[in-house]
Amino acid sequence: MIILGLDPGIATVGFGVISAVRSEFNALQYGAIRTEAGLPLSERLETIYDDMDRLIDTFAPQAVAVEELFFNTNHKTGIAVAHGRGVMLLACRKRSLPVYEYTPLQVKQAVAGYGRADKRQIMEMTKRLLKLESIPRPDDAADALAIALCHGRAATSLLFTQKGDRDTGCSTI
């Protein structure tokens, strides 16, 4: 299975593409979609949509895993990120791709085995699980790979394959 992991943003959208076969995971590509500060929101959203379209064309994922939005104290930034996330979801919907959402806690649990793991631990485990020589950069790409791994672990589990999404803790859009 090819999984596209996405770490939503407006200035930077992290992406990570992995293959998952049983419990074996390999990174195919990772990086970031970047939009230029100062551009109108509509142009930034168009850039995200166009780049998402190219990623989907290039890798033909069977599933997309996205981190759920977590609003901290800056709601203005959260709203902008939500716009970007909406465009990403639309690009997936236009291609009839199943999208699975995971909370940061679920990603940490799946990747590090501990829901309170810190960012450095998650990055190190992502590197190890994908057999990479170094921690992926930028951080947004490492986060996206971790999100893809989270889905890979859920999707290749016996529960997922026998009973579907309802018992894995992930939610589909």
# chains A, B, ... in the order shown; residues from 1 in each chain; ligands from 1
$ residues_around --residues "Leu149 of chain A" --least-positions-apart "2" --cutoff "9 Å" --atoms "only C-alpha atoms" --output "PyMOL selection string"
chain A and resi 3+5+18+20+25+65+107+110-111+126+129-130+144-147+151-154
$ residues_around --residues "segment 96-103 of chain A" --least-positions-apart "2" --cutoff "8 Å" --atoms "only C-alpha atoms" --output "PyMOL selection string"
chain A and resi 61-69+89+92-94+105-107+147+150-151+170-173
$ closest_residue --among "A:Ala60, A:Thr47, A:Gly115, A:Gly31" --to "Met1 of chain A" --atoms "only C-alpha atoms"
A:Ala60
$ residues_around --residues "segment 9-15 of chain A" --least-positions-apart "4" --cutoff "6 Å" --atoms "only C-alpha atoms" --output "list in words"
Gly5, Tyr30, Gly31, Ala32, Ile33, Arg34, Thr35, Val81, Gly84, Asp140, Ala141 and Ala144 of chain A
$ atom_distance --atom1 "atom CA of Met88 of chain A" --atom2 "atom CA of Met52 of chain A"
6.6 Å
